[in-house]
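Dumped data.txt below, it's compact mmCIF, C-alpha atoms:
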```
# COMPACT_ATOMS: atom_id res chain seq x y z
CA MET A 73 0.00 0.00 0.00
CA SER A 74 1.84 3.08 -1.22
CA THR A 75 -0.70 5.64 -0.01
CA PHE A 76 -2.63 6.10 3.21
CA ARG A 77 -4.54 8.86 4.97
CA LEU A 78 -3.15 10.53 8.08
CA ALA A 79 -5.34 12.63 10.39
CA LEU A 80 -4.05 15.03 13.05
CA ILE A 81 -6.54 16.11 15.71
CA GLN A 82 -5.92 19.65 16.93
CA LEU A 83 -7.97 19.36 20.12
CA GLN A 84 -9.17 22.26 22.25
CA VAL A 85 -7.99 21.07 25.66
CA SER A 86 -9.93 22.11 28.78
CA SER A 87 -9.34 21.59 32.49
CA ILE A 88 -12.03 18.87 32.58
CA LYS A 89 -10.40 15.53 31.78
CA SER A 90 -13.66 13.69 31.01
CA ASP A 91 -14.65 16.35 28.47
CA ASN A 92 -11.23 16.13 26.79
CA LEU A 93 -11.54 12.35 26.51
CA THR A 94 -15.09 12.47 25.16
CA ARG A 95 -14.25 15.07 22.53
CA ALA A 96 -11.01 13.37 21.53
CA CYS A 97 -12.81 10.07 20.95
CA SER A 98 -15.55 11.83 18.99
CA LEU A 99 -12.96 13.44 16.69
CA VAL A 100 -11.19 10.10 16.20
CA ARG A 101 -14.50 8.65 15.01
CA GLU A 102 -14.96 11.59 12.64
CA ALA A 103 -11.45 11.13 11.24
CA ALA A 104 -12.10 7.44 10.65
CA LYS A 105 -15.33 8.28 8.80
CA GLN A 106 -13.26 10.50 6.51
CA GLY A 107 -11.00 7.57 5.64
CA ALA A 108 -8.09 8.10 8.02
CA ASN A 109 -5.86 5.05 8.54
CA ILE A 110 -3.53 6.60 11.13
CA VAL A 111 -4.81 9.23 13.57
CA SER A 112 -2.83 11.32 16.04
CA LEU A 113 -3.96 13.33 19.05
CA PRO A 114 -1.90 16.27 20.38
CA GLU A 115 0.56 16.45 23.24
CA CYS A 116 -1.09 16.57 26.68
CA PHE A 117 -4.56 16.05 25.21
CA ASN A 118 -6.32 15.08 28.44
CA SER A 119 -4.82 17.77 30.67
CA PRO A 120 -3.82 21.43 30.62
CA TYR A 121 -0.11 21.73 29.88
CA GLY A 122 1.95 22.80 32.89
CA THR A 123 4.06 21.41 35.71
CA THR A 124 1.38 22.31 38.25
CA TYR A 125 -1.19 20.17 36.39
CA PHE A 126 0.87 17.04 35.70
CA PRO A 127 0.67 15.47 39.21
CA ASP A 128 -3.12 15.96 39.45
CA TYR A 129 -3.91 14.61 35.97
CA ALA A 130 -1.36 11.78 35.91
CA GLU A 131 -2.58 8.20 35.36
CA LYS A 132 -1.19 4.72 35.19
CA ILE A 133 -0.92 3.11 31.76
CA PRO A 134 -3.16 1.24 31.22
CA GLY A 135 -5.64 3.56 32.88
CA GLU A 136 -8.78 5.58 32.23
CA SER A 137 -7.51 7.63 29.28
CA THR A 138 -5.59 4.87 27.51
CA GLN A 139 -8.50 2.45 27.94
CA LYS A 140 -10.73 4.92 26.04
CA LEU A 141 -8.09 5.23 23.32
CA SER A 142 -7.80 1.47 22.99
CA GLU A 143 -11.57 1.14 22.65
CA VAL A 144 -11.96 3.90 20.04
CA ALA A 145 -9.02 2.56 17.99
CA LYS A 146 -10.63 -0.87 17.89
CA GLU A 147 -14.14 0.48 17.26
CA ASN A 148 -12.88 2.39 14.20
CA SER A 149 -10.09 0.03 13.04
CA VAL A 150 -7.43 2.75 13.01
CA TYR A 151 -3.88 3.13 14.25
CA LEU A 152 -4.21 5.71 17.02
CA ILE A 153 -1.25 7.75 18.26
CA GLY A 154 -2.53 8.91 21.62
CA GLY A 155 -0.84 12.32 21.71
CA SER A 156 0.49 12.31 25.24
CA ILE A 157 -0.74 12.24 28.80
CA PRO A 158 0.99 12.67 32.16
CA GLU A 159 1.84 9.12 33.25
CA GLU A 160 2.56 7.98 36.82
CA ASP A 161 4.74 4.92 37.29
CA ALA A 162 6.57 3.85 40.46
CA GLY A 163 6.38 7.32 41.97
CA LYS A 164 7.72 9.08 38.88
CA LEU A 165 5.85 11.16 36.29
CA TYR A 166 6.42 10.98 32.53
CA ASN A 167 5.06 12.74 29.45
CA THR A 168 3.91 9.63 27.58
CA CYS A 169 2.47 8.76 24.17
CA SER A 170 0.67 5.41 23.81
CA VAL A 171 -0.08 3.95 20.38
CA PHE A 172 -2.92 1.51 19.73
CA GLY A 173 -3.51 -0.77 16.76
CA PRO A 174 -6.78 -1.37 14.90
CA ASP A 175 -7.44 -4.31 17.25
CA GLY A 176 -7.10 -2.05 20.31
CA SER A 177 -3.76 -3.50 21.40
CA LEU A 178 -1.02 -1.28 22.85
CA LEU A 179 1.75 -1.24 20.23
CA VAL A 180 4.30 1.04 21.87
CA LYS A 181 4.66 3.56 24.66
CA HIS A 182 6.95 6.56 24.12
CA ARG A 183 8.08 8.57 27.13
CA LYS A 184 9.35 12.01 26.12
CA ILE A 185 13.13 11.67 25.99
CA HIS A 186 14.19 15.32 26.05
CA LEU A 187 12.54 17.41 28.75
CA PHE A 188 11.47 20.96 27.93
CA ASP A 189 13.73 23.07 30.17
CA ILE A 190 14.24 26.49 28.58
CA ASP A 191 14.80 30.09 29.62
CA VAL A 192 14.30 32.85 27.05
CA PRO A 193 14.64 36.05 29.12
CA GLY A 194 11.60 38.30 28.98
CA LYS A 195 9.61 35.74 27.00
CA ILE A 196 9.31 32.24 28.45
CA THR A 197 10.80 30.08 31.19
CA PHE A 198 9.65 26.50 31.58
CA GLN A 199 11.05 23.47 33.39
CA GLU A 200 9.40 20.12 32.75
CA SER A 201 12.10 18.50 34.87
CA LYS A 202 10.55 20.06 37.99
CA THR A 203 7.92 17.33 37.89
CA LEU A 204 8.70 14.97 34.99
CA SER A 205 11.33 12.29 34.44
CA PRO A 206 12.74 11.59 30.95
CA GLY A 207 12.13 8.42 28.99
CA ASP A 208 15.11 6.40 27.80
CA SER A 209 14.01 4.42 24.78
CA PHE A 210 13.34 4.76 21.07
CA SER A 211 9.78 4.16 19.96
CA THR A 212 8.68 2.86 16.57
CA PHE A 213 5.76 0.80 15.36
CA ASP A 214 4.92 -1.03 12.16
CA THR A 215 1.81 -0.59 10.03
CA PRO A 216 0.85 -2.15 6.68
CA TYR A 217 1.85 1.21 5.15
CA CYS A 218 5.22 2.03 6.70
CA LYS A 219 7.19 2.07 9.93
CA VAL A 220 6.49 5.12 12.13
CA GLY A 221 8.87 6.82 14.59
CA LEU A 222 7.65 8.79 17.61
CA GLY A 223 8.84 11.85 19.47
CA ILE A 224 7.08 14.37 21.69
CA CYS A 225 7.45 18.11 21.14
CA TYR A 226 10.97 19.06 22.35
CA ASP A 227 12.25 15.71 21.01
CA MET A 228 11.88 17.26 17.54
CA ARG A 229 14.79 19.64 18.19
CA PHE A 230 17.21 16.71 18.37
CA ALA A 231 18.24 15.73 14.86
CA GLU A 232 19.96 12.55 16.07
CA LEU A 233 16.67 10.99 17.18
CA ALA A 234 15.14 11.48 13.72
CA GLN A 235 18.31 10.13 12.05
CA ILE A 236 18.18 6.96 14.14
CA TYR A 237 14.52 6.48 13.25
CA ALA A 238 15.37 6.89 9.56
CA GLN A 239 18.22 4.38 9.95
CA ARG A 240 15.69 1.96 11.42
CA GLY A 241 13.46 2.25 8.38
CA CYS A 242 10.87 4.82 9.47
CA GLN A 243 9.23 6.73 6.64
CA LEU A 244 6.91 8.82 8.83
CA LEU A 245 7.86 10.65 12.03
CA VAL A 246 5.04 11.90 14.25
CA TYR A 247 5.61 14.46 16.99
CA PRO A 248 2.62 15.38 19.15
CA GLY A 249 3.76 18.78 20.41
CA ALA A 250 2.77 22.04 22.03
CA PHE A 251 5.17 24.80 21.01
CA ASN A 252 4.35 28.24 22.41
CA LEU A 253 4.00 31.79 21.09
CA THR A 254 7.77 32.36 21.34
CA THR A 255 9.17 29.13 19.88
CA GLY A 256 6.20 28.42 17.59
CA PRO A 257 6.59 31.23 15.07
CA ALA A 258 10.39 30.88 15.14
CA HIS A 259 10.99 27.16 14.92
CA TRP A 260 7.83 24.97 14.63
CA GLU A 261 7.70 24.72 10.84
CA LEU A 262 11.46 25.10 10.40
CA LEU A 263 12.23 22.06 12.56
CA GLN A 264 9.65 19.89 10.81
CA ARG A 265 11.01 20.79 7.39
CA ALA A 266 14.59 20.22 8.56
CA ARG A 267 13.82 16.76 9.98
CA ALA A 268 11.92 15.87 6.79
CA VAL A 269 14.64 17.00 4.36
CA ASP A 270 17.57 15.65 6.41
CA ASN A 271 16.07 12.17 6.53
CA GLN A 272 13.81 12.14 3.45
CA VAL A 273 10.77 11.22 5.50
CA TYR A 274 7.28 12.58 6.11
CA VAL A 275 7.00 14.58 9.34
CA ALA A 276 3.72 15.32 11.13
CA THR A 277 3.02 17.38 14.23
CA ALA A 278 -0.20 17.39 16.25
CA SER A 279 -0.66 20.44 18.48
CA PRO A 280 -3.45 21.35 20.86
CA ALA A 281 -5.68 24.17 19.61
CA ARG A 282 -4.76 27.60 20.93
CA ASP A 283 -6.40 28.84 24.12
CA ASP A 284 -5.34 32.43 24.80
CA LYS A 285 -6.68 32.18 28.36
CA ALA A 286 -4.55 29.16 29.31
CA SER A 287 -1.49 29.50 31.55
CA TYR A 288 0.54 27.97 28.69
CA VAL A 289 -0.65 29.10 25.26
CA ALA A 290 -0.01 26.53 22.51
CA TRP A 291 0.99 27.68 19.04
CA GLY A 292 -1.42 25.36 17.20
CA HIS A 293 -0.71 24.98 13.47
CA SER A 294 -0.53 21.17 13.30
CA THR A 295 1.39 20.37 10.13
CA VAL A 296 2.40 17.68 7.64
CA VAL A 297 5.66 18.03 5.68
CA ASP A 298 6.79 15.77 2.83
CA PRO A 299 10.32 14.38 2.24
CA TRP A 300 11.04 17.27 -0.16
CA GLY A 301 10.49 19.70 2.74
CA GLN A 302 7.23 20.98 1.33
CA VAL A 303 4.39 21.79 3.73
CA LEU A 304 1.50 19.65 2.49
CA THR A 305 -1.09 21.01 4.89
CA LYS A 306 -1.17 23.19 8.00
CA ALA A 307 -3.96 23.99 10.46
CA GLY A 308 -4.80 27.37 11.91
CA THR A 309 -5.13 27.83 15.66
CA GLU A 310 -8.68 26.52 16.23
CA GLU A 311 -9.89 22.99 16.98
CA THR A 312 -9.88 20.99 13.76
CA ILE A 313 -8.93 17.72 12.09
CA LEU A 314 -6.11 18.01 9.57
CA TYR A 315 -5.92 15.38 6.82
CA SER A 316 -3.06 14.44 4.55
CA ASP A 317 -2.74 11.63 2.02
CA ILE A 318 0.76 10.21 2.45
CA ASP A 319 2.37 8.97 -0.79
CA LEU A 320 5.24 6.56 -0.14
CA LYS A 321 5.93 6.29 -3.87
CA LYS A 322 6.87 9.98 -3.80
CA LEU A 323 9.22 9.29 -0.88
CA ALA A 324 10.93 6.51 -2.85
CA GLU A 325 11.30 8.80 -5.88
CA ILE A 326 12.92 11.56 -3.81
CA ARG A 327 15.37 9.12 -2.26
CA GLN A 328 16.27 7.86 -5.72
CA GLN A 329 16.73 11.37 -7.15
CA ILE A 330 18.87 12.64 -4.26
CA PRO A 331 20.32 9.48 -2.64
CA ILE A 332 21.81 11.07 0.49
CA LEU A 333 21.00 8.06 2.67
CA LYS A 334 23.33 5.94 0.51
CA GLN A 335 25.97 8.68 0.27
CA LYS A 336 26.68 9.17 3.95
CA ARG A 337 30.38 8.84 4.86
CA ALA A 338 30.48 6.24 7.63
CA ASP A 339 34.28 6.35 7.37
CA LEU A 340 34.17 9.97 8.58
CA TYR A 341 31.14 10.24 10.88
CA THR A 342 28.27 8.30 12.35
CA VAL A 343 25.13 8.68 14.45
CA GLU A 344 24.53 5.55 16.46
CA SER A 345 22.10 4.44 19.10
CA LYS A 346 23.35 3.18 22.45
CA LYS A 347 20.15 1.26 23.19
CA PRO A 348 17.99 -1.08 21.10
```
Do you think you could lay out the structure here as C-alpha cells?
Amino acid sequence: MSTFRLALIQLQVSSIKSDNLTRACSLVREAAKQGANIVSLPECFNSPYGTTYFPDYAEKIPGESTQKLSEVAKENSVYLIGGSIPEEDAGKLYNTCSVFGPDGSLLVKHRKIHLFDIDVPGKITFQESKTLSPGDSFSTFDTPYCKVGLGICYDMRFAELAQIYAQRGCQLLVYPGAFNLTTGPAHWELLQRARAVDNQVYVATASPARDDKASYVAWGHSTVVDPWGQVLTKAGTEETILYSDIDLKKLAEIRQQIPILKQKRADLYTVESKKP
C-alpha cells in the first residue's frame, strides 16, 4: 500500500479531563469516517499543559484515558497515536504517548526523551524536569503502510533521534507537540522541514488548539511536511482535524533522485544508538 490517509486532531484542551476524553474520541470517530488510517492526538490532550497540572492529571498506563483510546481505535479500526498524557509509574511522572492498533492493542509507549527546560529572558521560562522524568528508549511501530517513529514536542529539536529512526526504516515521524507563542513562530515549521529533508521522511506534528486564556498558550498549526520539505497542509489555531494523504511512492522517488542516505560517509562520521 503506497498511499494512506493521516489525520491530526488539533484538540481544544480544557481543564475537565472527562470532556477532553469524550471530545477526543468523537474526533477520532470523525477522522475514521473520513478515511483516516492513522490518527494522532496532540501532546497533553487530556490535561492542561503545565508542571502544576501534571501530578493531578497523571494516570497509570493502562488507565482511564488509555482504555478509552484502545476502545476507540478498535471500534474504528485505526492506528491511534494517543498524543500524550501525564503518566505515573513507580512514583515518577512521565510525558507519555501510547499507540494503539486497529485491534485495540497497545503497540508502543513513548516517554518524552528530552525534557522541555528552557529560559528565554523576557519571554518564556519552563522546566518540565521540575515534575517529569525523561524516557530512555526509542519508539517505533509497524503498520501495513510504513514504519512510524515517535517523538514528543521538544524531542523534535534533536536531529539525532530522527536520524536513528530513519536508519531503522521509518518513513513517517510523528511528533505530538505544544510549542508556544515564542518558539512556535520561530521554529515549529522550520524544525519539521529540517527533519523531513535531512532524513527524506514525512514529518507530522499534532498540536493542541490555541487557548489564549490558558497559563501555557499553545501555538497550534498542526502540520504535515513531505520528504522534499514541502508543507502539504497546515492547520490554523482553532480545533480541527487536519488530513493528509501520504504517498510513499513519492518518498521513494525523492530518495532515488537525491540518494543522500546511501551517500553518507560512515568512514568519517556516524550517528549511532546506544540502546535497542
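Remark: for Glu160 in chain A, the closest of the candidate residues A:Cys242, A:Leu179, A:Leu187, A:Ala130 is A:Ala130 (distances computed over only C-alpha atoms).
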Padded axis-aligned box of range 134-146 of chain A (6 Å per side), centre and edge lengths, Å, one decimal, as JSON:
```
{"center_x": -7.6, "center_y": 3.4, "center_z": 25.4, "size_x": 20.8, "size_y": 20.5, "size_z": 27.0}
```
Given only C-alpha atoms as the counted atoms, nearest of A:Asp128, A:Asp191, A:Asp175, A:Glu159 to Ser87 in chain A: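 Among the listed residues, the smallest separation from Ser87 in chain A belongs to A:Asp128.
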Among the residues A:Thr197, A:Ser119, A:Ser177, A:Ser142, the one that comes closest to Val100 in chain A [using only C-alpha atoms]: A:Ser142
Straight-line distance linking CA of Leu113 in chain A with CA of Gly155 in chain A, stated in Å to one decimal: 4.2 Å
Go through range 205-285 of chain A residue by residue and, counting only C-alpha atoms, keep those with an atom at most 9 Å from range 294-303 of chain A; for each kept residue give the shortest atom pair and its distance in Å to one decimal, ordered by chain and increasing number, as a Markdown table.
```
| residue | atom | partner | partner_atom | distance |
| --- | --- | --- | --- | --- |
| A:Gln243 | CA | A:Pro299 | CA | 8.9 |
| A:Pro248 | CA | A:Ser294 | CA | 8.8 |
| A:Gly249 | CA | A:Ser294 | CA | 8.6 |
| A:Glu261 | CA | A:Thr295 | CA | 7.7 |
| A:Gln264 | CA | A:Val297 | CA | 6.8 |
| A:Arg265 | CA | A:Gly301 | CA | 4.8 |
| A:Ala266 | CA | A:Gly301 | CA | 7.1 |
| A:Arg267 | CA | A:Gly301 | CA | 8.5 |
| A:Ala268 | CA | A:Pro299 | CA | 5.0 |
| A:Val269 | CA | A:Gly301 | CA | 5.2 |
| A:Asp270 | CA | A:Pro299 | CA | 8.5 |
| A:Asn271 | CA | A:Pro299 | CA | 7.5 |
| A:Gln272 | CA | A:Pro299 | CA | 4.3 |
| A:Val273 | CA | A:Pro299 | CA | 4.6 |
| A:Tyr274 | CA | A:Asp298 | CA | 4.6 |
| A:Val275 | CA | A:Val297 | CA | 5.2 |
| A:Ala276 | CA | A:Val296 | CA | 4.4 |
| A:Thr277 | CA | A:Ser294 | CA | 5.3 |
| A:Ala278 | CA | A:Ser294 | CA | 4.8 |
| A:Ser279 | CA | A:Ser294 | CA | 5.2 |
| A:Pro280 | CA | A:Ser294 | CA | 8.1 |
| A:Ala281 | CA | A:Ser294 | CA | 8.7 |
```
Please provide the set of residues having any atom within 8 Å of Gly223 in chain A, restricted to only C-alpha atoms, with same-chain residues fewer than 2 positions apart removed, written as a list in words.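 The residues satisfying every condition are His182, Lys184, Ile185, Ser211, Gly221, Cys225, Asp227, Met228, Leu245, Val246, Tyr247 and Pro248 of chain A.
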Shell of 10 Å around range 88-91 of chain A, all atoms listed in the file, local chain residues under 2 positions omitted, as a VMD selection string: chain A and resid 85 to 86 93 to 97 117 to 120 129 136 to 137
May I have the selected residues written with C-alpha atoms, as a PDB file, keeping the file's coordinate frame?
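again.pdb, freshly written:
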```
ATOM      1  CA  VAL A  85      -7.990  21.070  25.660  1.00  0.00           C
ATOM      2  CA  SER A  86      -9.930  22.110  28.780  1.00  0.00           C
ATOM      3  CA  LEU A  93     -11.540  12.350  26.510  1.00  0.00           C
ATOM      4  CA  THR A  94     -15.090  12.470  25.160  1.00  0.00           C
ATOM      5  CA  ARG A  95     -14.250  15.070  22.530  1.00  0.00           C
ATOM      6  CA  ALA A  96     -11.010  13.370  21.530  1.00  0.00           C
ATOM      7  CA  CYS A  97     -12.810  10.070  20.950  1.00  0.00           C
ATOM      8  CA  PHE A 117      -4.560  16.050  25.210  1.00  0.00           C
ATOM      9  CA  ASN A 118      -6.320  15.080  28.440  1.00  0.00           C
ATOM     10  CA  SER A 119      -4.820  17.770  30.670  1.00  0.00           C
ATOM     11  CA  PRO A 120      -3.820  21.430  30.620  1.00  0.00           C
ATOM     12  CA  TYR A 129      -3.910  14.610  35.970  1.00  0.00           C
ATOM     13  CA  GLU A 136      -8.780   5.580  32.230  1.00  0.00           C
ATOM     14  CA  SER A 137      -7.510   7.630  29.280  1.00  0.00           C
TER      15      SER A 137
END
```
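Across A:Ala250, A:Ala103, A:Arg77, A:Lys132, the tightest approach to Gly163 in chain A is made by A:Lys132 when counting all atoms listed in the file.
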Using all atoms listed in the file, what residues lie at most 10 Å away from (-3.5, 8.7, 1.0) (file coordinates), given as a list of chain:residue names?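 Final list of nearby residues, as requested, is A:Met73, A:Ser74, A:Thr75, A:Phe76, A:Arg77, A:Leu78, A:Gly107, A:Ala108, A:Asn109, A:Tyr315, A:Ser316, A:Asp317, A:Ile318, A:Asp319, A:Leu320.
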Taking only residues of range 194-254 of chain A that have an atom at most 12 Å from an atom of range 333-336 of chain A, what is each one's shortest atom pair and its distance in Å to one decimal, using all atoms listed in the file, in chain and number order, as CSV?
```
residue,atom,partner,partner_atom,distance
A:Gln235,CA,A:Leu333,CA,10.0
A:Ile236,CA,A:Leu333,CA,11.9
A:Ala238,CA,A:Leu333,CA,9.0
A:Gln239,CA,A:Leu333,CA,8.6
A:Arg240,CA,A:Leu333,CA,11.9
A:Gly241,CA,A:Leu333,CA,11.1
```
When distances are computed from all atoms listed in the file, which of A:Pro257, A:Gly122, A:Pro216, A:Gly292 shows the smallest separation from Ile81 in chain A?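 When distances to Ile81 in chain A are compared using all atoms listed in the file, the smallest one comes from A:Gly292.
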Take CA of Asp339 in chain A and CA of Leu244 in chain A and report the distance between them in Å, one decimal.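 Between CA of Asp339 in chain A and CA of Leu244 in chain A the gap works out to 27.5 Å.
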Selected residue, from A:Leu80, A:Leu204, A:Val144, A:Val192, that lies nearest to Pro127 in chain A when counting only C-alpha atoms: A:Leu204
Selection: 9 Å around Tyr121 in chain A, only C-alpha atoms, excl. self and same-chain fewer than 6 positions, as a JSON list (two decimals) with C-alpha atoms, in the coordinates of the input:
```json
[["chain", "number", "residue", "atom", "x", "y", "z"],
["A", 85, "VAL", "CA", -7.99, 21.07, 25.66],
["A", 115, "GLU", "CA", 0.56, 16.45, 23.24],
["A", 250, "ALA", "CA", 2.77, 22.04, 22.03],
["A", 286, "ALA", "CA", -4.55, 29.16, 29.31],
["A", 287, "SER", "CA", -1.49, 29.50, 31.55],
["A", 288, "TYR", "CA", 0.54, 27.97, 28.69],
["A", 289, "VAL", "CA", -0.65, 29.10, 25.26],
["A", 290, "ALA", "CA", -0.01, 26.53, 22.51]]
```
Quick one: distance from CA of His259 in chain A to CA of Lys219 in chain A in Å, one decimal?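 Separating CA of His259 in chain A from CA of Lys219 in chain A is a distance of 25.9 Å.
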What's the 12 Å shell around Glu147 in chain A, counting all atoms listed in the file, without same-chain residues fewer than 6 positions away, as an mmCIF file with C-alpha atoms, in the coordinates of the input?
```
data_model
loop_
_atom_site.group_PDB
_atom_site.id
_atom_site.type_symbol
_atom_site.label_atom_id
_atom_site.label_comp_id
_atom_site.auth_asym_id
_atom_site.auth_seq_id
_atom_site.Cartn_x
_atom_site.Cartn_y
_atom_site.Cartn_z
ATOM 1 C CA CYS A 97 -12.810 10.070 20.950
ATOM 2 C CA SER A 98 -15.550 11.830 18.990
ATOM 3 C CA VAL A 100 -11.190 10.100 16.200
ATOM 4 C CA ARG A 101 -14.500 8.650 15.010
ATOM 5 C CA ALA A 104 -12.100 7.440 10.650
ATOM 6 C CA LYS A 105 -15.330 8.280 8.800
ATOM 7 C CA LYS A 140 -10.730 4.920 26.040
ATOM 8 C CA LEU A 141 -8.090 5.230 23.320
ATOM 9 C CA PHE A 172 -2.920 1.510 19.730
ATOM 10 C CA GLY A 173 -3.510 -0.770 16.760
ATOM 11 C CA PRO A 174 -6.780 -1.370 14.900
ATOM 12 C CA ASP A 175 -7.440 -4.310 17.250
ATOM 13 C CA GLY A 176 -7.100 -2.050 20.310
ATOM 14 C CA SER A 177 -3.760 -3.500 21.400
#
```
